[in-house]
$ cat structure04.cif   # mmCIF, C-alpha atoms
data_target
#
loop_
_atom_site.label_atom_id
_atom_site.label_comp_id
_atom_site.auth_asym_id
_atom_site.auth_seq_id
_atom_site.Cartn_x
_atom_site.Cartn_y
_atom_site.Cartn_z
CA MET M 432 -3.93 -13.99 -7.99
CA LYS M 433 -7.37 -12.68 -7.15
CA ALA M 434 -9.20 -9.96 -9.07
CA LEU M 435 -9.84 -6.93 -6.88
CA HIS M 436 -12.31 -4.05 -7.24
CA ARG M 437 -10.79 -2.73 -10.48
CA LYS M 438 -9.99 -4.65 -13.65
CA ASP M 439 -6.35 -3.54 -13.44
CA LEU M 440 -5.77 -4.65 -9.82
CA TYR M 441 -4.98 -8.12 -8.52
CA GLY M 442 -3.94 -9.41 -5.13
CA TRP M 443 -2.46 -12.40 -3.36
CA SER M 444 -2.38 -13.17 0.34
CA ARG M 445 -0.92 -15.30 3.12
CA PHE M 446 -2.66 -16.13 6.38
CA ASP M 447 -0.53 -15.42 9.45
CA GLU M 448 -1.53 -17.78 12.25
CA ALA M 449 0.30 -15.85 14.96
CA ARG M 450 -1.68 -12.69 14.23
CA ASN M 451 -4.83 -14.44 12.96
CA LEU M 452 -5.11 -12.28 9.86
CA ASP M 453 -4.09 -12.16 6.21
CA PHE M 454 -1.09 -10.33 4.80
CA HIS M 455 -1.67 -8.92 1.32
CA SER M 456 0.19 -7.89 -1.80
CA VAL M 457 -1.24 -5.96 -4.75
CA LEU M 458 -0.46 -5.84 -8.46
CA TRP M 459 -1.41 -2.82 -10.57
CA VAL M 460 -1.41 -3.75 -14.27
CA ARG M 461 -0.57 -0.83 -16.54
CA PRO M 462 0.54 -0.61 -20.19
CA GLU M 463 3.64 1.37 -19.23
CA GLY M 464 4.81 -1.31 -16.78
CA ASN M 465 3.23 -3.12 -13.85
CA VAL M 466 3.63 -2.07 -10.22
CA VAL M 467 3.65 -4.50 -7.28
CA PHE M 468 3.14 -3.40 -3.67
CA ASP M 469 4.79 -5.22 -0.73
CA PRO M 470 5.22 -8.56 -2.56
CA LEU M 471 4.72 -11.77 -0.63
CA PRO M 472 6.21 -14.99 -2.01
CA LEU M 473 4.24 -16.23 -5.01
CA SER M 474 2.84 -19.70 -5.54
CA THR M 475 3.71 -21.40 -8.83
CA HIS M 476 0.21 -20.55 -10.06
CA ASP M 477 0.43 -16.88 -9.06
CA ALA M 478 3.93 -16.52 -10.51
CA ALA M 479 2.65 -17.81 -13.85
CA HIS M 480 -0.33 -15.46 -13.65
CA LEU M 481 1.94 -12.52 -12.92
CA ARG M 482 4.14 -13.39 -15.89
CA SER M 483 1.09 -13.66 -18.16
CA LEU M 484 0.05 -10.14 -17.10
CA GLY M 485 3.39 -8.65 -18.08
CA GLY M 486 5.63 -9.22 -15.06
CA VAL M 487 6.87 -6.37 -12.86
CA THR M 488 8.49 -3.02 -13.67
CA TRP M 489 8.35 -1.49 -10.16
CA VAL M 490 8.21 -3.01 -6.70
CA VAL M 491 6.92 -0.47 -4.19
CA LEU M 492 7.59 -1.01 -0.49
CA THR M 493 5.63 0.75 2.22
CA ASN M 494 8.25 0.11 4.90
CA SER M 495 11.42 -1.84 5.69
CA GLU M 496 9.49 -4.74 7.24
CA HIS M 497 7.61 -5.44 3.98
CA VAL M 498 10.57 -6.33 1.78
CA ARG M 499 9.23 -9.90 1.63
CA ALA M 500 9.91 -11.43 -1.85
CA THR M 501 11.26 -8.25 -3.46
CA ARG M 502 14.66 -9.74 -4.25
CA GLU M 503 13.03 -12.60 -6.16
CA LEU M 504 11.00 -10.20 -8.32
CA VAL M 505 14.10 -8.13 -9.04
CA ALA M 506 15.96 -11.29 -10.06
CA ASP M 507 13.09 -12.71 -12.14
CA PHE M 508 11.88 -9.57 -13.89
CA GLY M 509 14.60 -6.96 -13.55
CA ALA M 510 12.16 -4.87 -11.50
CA LYS M 511 13.17 -1.57 -9.97
CA VAL M 512 12.47 -0.90 -6.30
CA ALA M 513 11.00 2.16 -4.58
CA GLY M 514 10.94 2.67 -0.81
CA PRO M 515 10.39 5.33 1.86
CA ARG M 516 13.02 8.07 1.84
CA ALA M 517 12.83 8.40 5.63
CA GLU M 518 14.25 4.87 5.90
CA SER M 519 16.95 5.23 3.24
CA ASP M 520 19.83 5.09 5.74
CA THR M 521 18.77 1.77 7.25
CA PHE M 522 16.74 0.07 4.51
CA PRO M 523 17.62 -3.62 4.08
CA LEU M 524 18.04 -3.46 0.31
CA LYS M 525 19.02 -1.03 -2.41
CA CYS M 526 16.23 1.11 -3.84
CA ASP M 527 16.24 2.76 -7.26
CA ARG M 528 13.94 5.48 -6.01
CA TRP M 529 13.26 6.94 -2.58
CA LEU M 530 9.82 8.46 -2.09
CA ALA M 531 8.57 11.11 0.30
CA ASN M 532 5.19 12.71 0.94
CA GLY M 533 3.38 13.94 -2.17
CA GLU M 534 5.82 12.43 -4.67
CA THR M 535 4.60 10.49 -7.69
CA LEU M 536 6.35 7.31 -8.76
CA VAL M 537 4.34 6.85 -11.95
CA PRO M 538 1.35 8.88 -13.18
CA GLY M 539 -1.63 8.30 -10.92
CA LEU M 540 0.33 6.95 -7.94
CA GLU M 541 1.09 9.34 -5.08
CA ALA M 542 3.15 8.53 -1.99
CA LEU M 543 1.83 9.63 1.41
CA GLU M 544 4.02 9.55 4.52
CA LEU M 545 2.47 8.16 7.70
CA HIS M 546 4.51 9.21 10.71
CA GLY M 547 4.72 7.61 14.12
CA SER M 548 4.34 4.00 12.99
CA LYS M 549 6.76 1.23 13.94
CA THR M 550 9.15 2.25 11.14
CA PRO M 551 10.04 5.88 10.26
CA GLY M 552 8.31 7.50 7.33
CA GLU M 553 6.07 4.54 6.48
CA LEU M 554 4.37 5.13 3.14
CA ALA M 555 0.81 4.69 1.99
CA PHE M 556 -0.08 5.11 -1.68
CA LEU M 557 -3.04 6.81 -3.29
CA LEU M 558 -3.96 5.31 -6.64
CA GLU M 559 -5.82 7.70 -8.95
CA ASP M 560 -7.27 9.53 -5.92
CA THR M 561 -9.72 6.74 -5.03
CA THR M 562 -7.79 3.66 -3.84
CA LEU M 563 -5.59 3.90 -0.74
CA LEU M 564 -2.95 1.19 -0.26
CA THR M 565 -1.44 0.90 3.21
CA GLY M 566 1.35 -1.04 4.92
CA ASP M 567 1.33 -1.50 8.70
CA LEU M 568 -0.13 1.54 10.45
CA LEU M 569 -3.63 1.36 8.99
CA ARG M 570 -5.13 -2.13 8.98
CA GLY M 571 -8.38 -4.09 9.14
CA HIS M 572 -8.73 -6.54 12.00
CA MET M 573 -12.52 -6.78 11.52
CA GLY M 574 -14.42 -6.91 8.25
CA GLY M 575 -15.72 -3.52 7.15
CA ARG M 576 -13.73 -1.58 9.76
CA LEU M 577 -10.28 -0.03 9.99
CA ASN M 578 -7.96 0.22 12.96
CA LEU M 579 -4.43 1.31 13.82
CA LEU M 580 -1.50 -0.66 15.12
CA PRO M 581 -1.71 -0.90 18.91
CA ASP M 582 -0.11 2.04 20.71
CA ALA M 583 2.53 -0.27 22.17
CA LYS M 584 3.94 -0.86 18.66
CA LEU M 585 3.92 2.80 17.62
CA LYS M 586 6.97 5.01 17.88
CA ASP M 587 4.74 8.08 18.37
CA ALA M 588 1.03 7.43 18.83
CA ALA M 589 0.02 11.10 18.55
CA ARG M 590 1.87 11.54 15.24
CA ALA M 591 0.39 8.30 13.96
CA ARG M 592 -3.13 9.47 14.75
CA ALA M 593 -2.43 12.84 13.14
CA SER M 594 -1.25 11.11 9.97
CA VAL M 595 -4.45 9.10 9.75
CA ARG M 596 -6.57 12.18 10.36
CA GLY M 597 -4.73 13.83 7.49
CA LEU M 598 -5.99 11.16 5.11
CA LEU M 599 -9.49 12.61 5.41
CA ALA M 600 -8.31 15.52 3.27
CA ARG M 601 -8.30 13.04 0.39
CA THR M 602 -12.03 13.26 -0.15
CA ARG M 603 -12.33 10.84 -3.07
CA ILE M 604 -11.00 7.74 -1.29
CA ASP M 605 -13.50 4.91 -1.71
CA THR M 606 -11.32 1.79 -1.31
CA VAL M 607 -8.71 1.00 1.35
CA LEU M 608 -6.44 -1.95 0.54
CA VAL M 609 -4.62 -2.68 3.78
CA GLY M 610 -1.41 -4.68 3.98
CA ASP M 611 -2.73 -6.58 7.00
CA GLY M 612 -6.31 -7.72 7.60
CA TRP M 613 -9.57 -7.10 5.78
CA PRO M 614 -9.66 -4.63 2.87
CA VAL M 615 -12.52 -2.18 2.49
CA PHE M 616 -13.54 -2.31 -1.17
CA ARG M 617 -16.44 0.15 -0.94
CA GLY M 618 -17.14 2.87 1.59
CA GLY M 619 -13.49 3.36 2.48
CA ARG M 620 -14.05 7.02 3.18
CA ALA M 621 -16.78 6.22 5.70
CA ALA M 622 -14.54 3.60 7.35
CA LEU M 623 -11.76 6.18 7.68
CA GLU M 624 -14.17 8.70 9.17
CA GLU M 625 -15.42 6.11 11.68
CA LEU M 626 -11.86 5.28 12.70
CA VAL M 627 -10.84 8.92 13.08
CA ALA M 628 -13.96 9.70 15.13
CA ALA M 629 -12.98 6.95 17.57
CA LEU M 630 -9.37 8.06 18.02
CA PRO M 631 -8.32 9.76 21.27
CA GLN M 632 -7.97 13.52 20.98
CA ASP M 633 -4.36 14.64 21.28
CA THR M 634 -3.66 17.98 22.92
#
$ encode --input "structure04.cif" --output "structure tokens"
Amino acid sequence: MKALHRKDLYGWSRFDEARNLDFHSVLWVRPEGNVVFDPLPLSTHDAAHLRSLGGVTWVVLTNSEHVRATRELVADFGAKVAGPRAESDTFPLKCDRWLANGETLVPGLEALELHGSKTPGELAFLLEDTTLLTGDLLRGHMGGRLNLLPDAKLKDAARARASVRGLLARTRIDTVLVGDGWPVFRGGRAALEELVAALPQDT
């Protein structure tokens, strides 16, 4: 796994040729139990690294299309799973905890609902007020910039744009770790502002 912008964060990735971008997973190492976000399959090397860092206590899923290797982590580590409450009726696996907007899974980790994406109630997560972790709606198709899923893939484009505008209320965001594409390790707030300024105005 790769060291990210904080000493307690690591990531691993897989390049998707069809979409010409990387998919990402993130590990947050914490004394009370590690948290993994949207886990991709692990290489032998990364699995050993994860074990050396204490394994997994919680797997956090931003949406039903990011289940990925969750079952393997549950089997290997006895991890618990948290997912979006708005998808609880149709989610493809059992969750130990359903999260909605403003709820905290563990201290320092807040769930934020992003409406209008391709799955209902997609979650983003705010880590200690400064690092935003996203699933599908907010992504990075070009280095240093953020973008949204194309309108054709959104269930409600206006609600999706409103959700992203709402993120600007979180004034301390500095890093945006997207599930798909290029992360923004510094200047995440400015990248969000640039994206919002370019969005169509909904009446």
$ resolve_selection --input "structure04.cif" --expression "the PyMOL selection byres ((chain M and resi 513) around 7)" --output "list in words"
Val490, Val491, Leu492, Lys511, Val512, Gly514, Cys526, Asp527, Arg528, Trp529 and Leu530 of chain M
$ write_last_selection --input "structure04.cif" --atoms "C-alpha atoms" --output "PDB file, in the frame of the given file"
ATOM      1  CA  VAL M 490       8.210  -3.010  -6.700  1.00  0.00           C
ATOM      2  CA  VAL M 491       6.920  -0.470  -4.190  1.00  0.00           C
ATOM      3  CA  LEU M 492       7.590  -1.010  -0.490  1.00  0.00           C
ATOM      4  CA  LYS M 511      13.170  -1.570  -9.970  1.00  0.00           C
ATOM      5  CA  VAL M 512      12.470  -0.900  -6.300  1.00  0.00           C
ATOM      6  CA  GLY M 514      10.940   2.670  -0.810  1.00  0.00           C
ATOM      7  CA  CYS M 526      16.230   1.110  -3.840  1.00  0.00           C
ATOM      8  CA  ASP M 527      16.240   2.760  -7.260  1.00  0.00           C
ATOM      9  CA  ARG M 528      13.940   5.480  -6.010  1.00  0.00           C
ATOM     10  CA  TRP M 529      13.260   6.940  -2.580  1.00  0.00           C
ATOM     11  CA  LEU M 530       9.820   8.460  -2.090  1.00  0.00           C
TER      12      LEU M 530
END
$ closest_residue --input "structure04.cif" --among "M:Leu630, M:Trp613, M:Leu558, M:Ala622" --to "Leu536 (chain M)" --atoms "all atoms listed in the file"
M:Leu558
$ residues_around --input "structure04.cif" --residues "Gly618 (chain M)" --least-positions-apart "6" --cutoff "12 Å" --atoms "all atoms listed in the file" --output "list in words"
Thr561, Thr562, Leu563, Gly575, Arg576, Leu577, Thr602, Arg603, Ile604, Asp605, Thr606, Val607, Leu608, Glu624 and Glu625 of chain M
$ write_last_selection --input "structure04.cif" --atoms "C-alpha atoms" --output "JSON list (two decimals), in the coordinates of the input"
[["chain", "number", "residue", "atom", "x", "y", "z"],
["M", 561, "THR", "CA", -9.72, 6.74, -5.03],
["M", 562, "THR", "CA", -7.79, 3.66, -3.84],
["M", 563, "LEU", "CA", -5.59, 3.90, -0.74],
["M", 575, "GLY", "CA", -15.72, -3.52, 7.15],
["M", 576, "ARG", "CA", -13.73, -1.58, 9.76],
["M", 577, "LEU", "CA", -10.28, -0.03, 9.99],
["M", 602, "THR", "CA", -12.03, 13.26, -0.15],
["M", 603, "ARG", "CA", -12.33, 10.84, -3.07],
["M", 604, "ILE", "CA", -11.00, 7.74, -1.29],
["M", 605, "ASP", "CA", -13.50, 4.91, -1.71],
["M", 606, "THR", "CA", -11.32, 1.79, -1.31],
["M", 607, "VAL", "CA", -8.71, 1.00, 1.35],
["M", 608, "LEU", "CA", -6.44, -1.95, 0.54],
["M", 624, "GLU", "CA", -14.17, 8.70, 9.17],
["M", 625, "GLU", "CA", -15.42, 6.11, 11.68]]
$ residues_near_point --input "structure04.cif" --point "(1.1, 9.5, -15.4)" --cutoff "12 Å" --atoms "only C-alpha atoms" --output "PyMOL selection string"
chain M and resi 461-464+535-541+558-559
$ residues_around --input "structure04.cif" --residues "region 588-591 of chain M" --least-positions-apart "5" --cutoff "12 Å" --atoms "all atoms listed in the file" --output "mmCIF file with C-alpha atoms, in the frame of the given file"
data_model
loop_
_atom_site.group_PDB
_atom_site.id
_atom_site.type_symbol
_atom_site.label_atom_id
_atom_site.label_comp_id
_atom_site.auth_asym_id
_atom_site.auth_seq_id
_atom_site.Cartn_x
_atom_site.Cartn_y
_atom_site.Cartn_z
ATOM 1 C CA GLU M 544 4.020 9.550 4.520
ATOM 2 C CA LEU M 545 2.470 8.160 7.700
ATOM 3 C CA HIS M 546 4.510 9.210 10.710
ATOM 4 C CA GLY M 547 4.720 7.610 14.120
ATOM 5 C CA SER M 548 4.340 4.000 12.990
ATOM 6 C CA LYS M 549 6.760 1.230 13.940
ATOM 7 C CA THR M 550 9.150 2.250 11.140
ATOM 8 C CA PRO M 551 10.040 5.880 10.260
ATOM 9 C CA GLY M 552 8.310 7.500 7.330
ATOM 10 C CA GLU M 553 6.070 4.540 6.480
ATOM 11 C CA LEU M 554 4.370 5.130 3.140
ATOM 12 C CA ASP M 567 1.330 -1.500 8.700
ATOM 13 C CA LEU M 568 -0.130 1.540 10.450
ATOM 14 C CA LEU M 569 -3.630 1.360 8.990
ATOM 15 C CA ASN M 578 -7.960 0.220 12.960
ATOM 16 C CA LEU M 579 -4.430 1.310 13.820
ATOM 17 C CA LEU M 580 -1.500 -0.660 15.120
ATOM 18 C CA PRO M 581 -1.710 -0.900 18.910
ATOM 19 C CA ASP M 582 -0.110 2.040 20.710
ATOM 20 C CA ALA M 583 2.530 -0.270 22.170
ATOM 21 C CA ARG M 596 -6.570 12.180 10.360
ATOM 22 C CA GLY M 597 -4.730 13.830 7.490
ATOM 23 C CA LEU M 598 -5.990 11.160 5.110
ATOM 24 C CA VAL M 627 -10.840 8.920 13.080
ATOM 25 C CA LEU M 630 -9.370 8.060 18.020
ATOM 26 C CA PRO M 631 -8.320 9.760 21.270
ATOM 27 C CA GLN M 632 -7.970 13.520 20.980
ATOM 28 C CA ASP M 633 -4.360 14.640 21.280
ATOM 29 C CA THR M 634 -3.660 17.980 22.920
#
$ atom_distance --input "structure04.cif" --atom1 "CA of Leu458 (chain M)" --atom2 "CA of Phe522 (chain M)"
22.3 Å
$ decode --input "structure04.cif" --residues "region 493-505 of chain M" --atoms "N, CA, C and O atoms" --output "PDB file, in the first residue's frame"
ATOM      1  N   THR M 493     -19.110   3.400   0.410  1.00  0.00           N
ATOM      2  CA  THR M 493     -19.786   4.633   0.018  1.00  0.00           C
ATOM      3  C   THR M 493     -21.074   4.373  -0.741  1.00  0.00           C
ATOM      4  O   THR M 493     -21.985   5.192  -0.710  1.00  0.00           O
ATOM      5  N   ASN M 494     -21.151   3.235  -1.429  1.00  0.00           N
ATOM      6  CA  ASN M 494     -22.370   2.901  -2.165  1.00  0.00           C
ATOM      7  C   ASN M 494     -22.358   1.422  -2.530  1.00  0.00           C
ATOM      8  O   ASN M 494     -21.355   0.726  -2.372  1.00  0.00           O
ATOM      9  N   SER M 495     -23.480   0.929  -3.036  1.00  0.00           N
ATOM     10  CA  SER M 495     -23.653  -0.498  -3.289  1.00  0.00           C
ATOM     11  C   SER M 495     -22.789  -1.019  -4.423  1.00  0.00           C
ATOM     12  O   SER M 495     -22.598  -2.236  -4.546  1.00  0.00           O
ATOM     13  N   GLU M 496     -22.243  -0.140  -5.257  1.00  0.00           N
ATOM     14  CA  GLU M 496     -21.379  -0.578  -6.347  1.00  0.00           C
ATOM     15  C   GLU M 496     -19.911  -0.634  -5.949  1.00  0.00           C
ATOM     16  O   GLU M 496     -19.051  -0.961  -6.771  1.00  0.00           O
ATOM     17  N   HIS M 497     -19.604  -0.337  -4.680  1.00  0.00           N
ATOM     18  CA  HIS M 497     -18.216  -0.363  -4.201  1.00  0.00           C
ATOM     19  C   HIS M 497     -17.988  -1.440  -3.147  1.00  0.00           C
ATOM     20  O   HIS M 497     -17.089  -1.327  -2.331  1.00  0.00           O
ATOM     21  N   VAL M 498     -18.788  -2.503  -3.213  1.00  0.00           N
ATOM     22  CA  VAL M 498     -18.597  -3.616  -2.274  1.00  0.00           C
ATOM     23  C   VAL M 498     -17.238  -4.274  -2.489  1.00  0.00           C
ATOM     24  O   VAL M 498     -16.545  -4.643  -1.536  1.00  0.00           O
ATOM     25  N   ARG M 499     -16.861  -4.483  -3.735  1.00  0.00           N
ATOM     26  CA  ARG M 499     -15.527  -4.939  -4.110  1.00  0.00           C
ATOM     27  C   ARG M 499     -15.088  -6.159  -3.293  1.00  0.00           C
ATOM     28  O   ARG M 499     -15.731  -7.202  -3.349  1.00  0.00           O
ATOM     29  N   ALA M 500     -14.005  -6.047  -2.511  1.00  0.00           N
ATOM     30  CA  ALA M 500     -13.447  -7.187  -1.766  1.00  0.00           C
ATOM     31  C   ALA M 500     -13.882  -7.198  -0.299  1.00  0.00           C
ATOM     32  O   ALA M 500     -13.191  -7.758   0.551  1.00  0.00           O
ATOM     33  N   THR M 501     -15.022  -6.608  -0.007  1.00  0.00           N
ATOM     34  CA  THR M 501     -15.476  -6.525   1.385  1.00  0.00           C
ATOM     35  C   THR M 501     -15.628  -7.904   2.014  1.00  0.00           C
ATOM     36  O   THR M 501     -15.209  -8.132   3.159  1.00  0.00           O
ATOM     37  N   ARG M 502     -16.225  -8.830   1.300  1.00  0.00           N
ATOM     38  CA  ARG M 502     -16.457 -10.154   1.879  1.00  0.00           C
ATOM     39  C   ARG M 502     -15.151 -10.822   2.299  1.00  0.00           C
ATOM     40  O   ARG M 502     -15.089 -11.508   3.326  1.00  0.00           O
ATOM     41  N   GLU M 503     -14.097 -10.629   1.514  1.00  0.00           N
ATOM     42  CA  GLU M 503     -12.800 -11.213   1.849  1.00  0.00           C
ATOM     43  C   GLU M 503     -12.245 -10.614   3.136  1.00  0.00           C
ATOM     44  O   GLU M 503     -11.672 -11.339   3.978  1.00  0.00           O
ATOM     45  N   LEU M 504     -12.400  -9.300   3.325  1.00  0.00           N
ATOM     46  CA  LEU M 504     -11.895  -8.670   4.546  1.00  0.00           C
ATOM     47  C   LEU M 504     -12.704  -9.093   5.767  1.00  0.00           C
ATOM     48  O   LEU M 504     -12.156  -9.242   6.861  1.00  0.00           O
ATOM     49  N   VAL M 505     -13.995  -9.290   5.580  1.00  0.00           N
ATOM     50  CA  VAL M 505     -14.821  -9.800   6.681  1.00  0.00           C
ATOM     51  C   VAL M 505     -14.359 -11.203   7.062  1.00  0.00           C
ATOM     52  O   VAL M 505     -14.204 -11.529   8.250  1.00  0.00           O
TER      53      VAL M 505
END
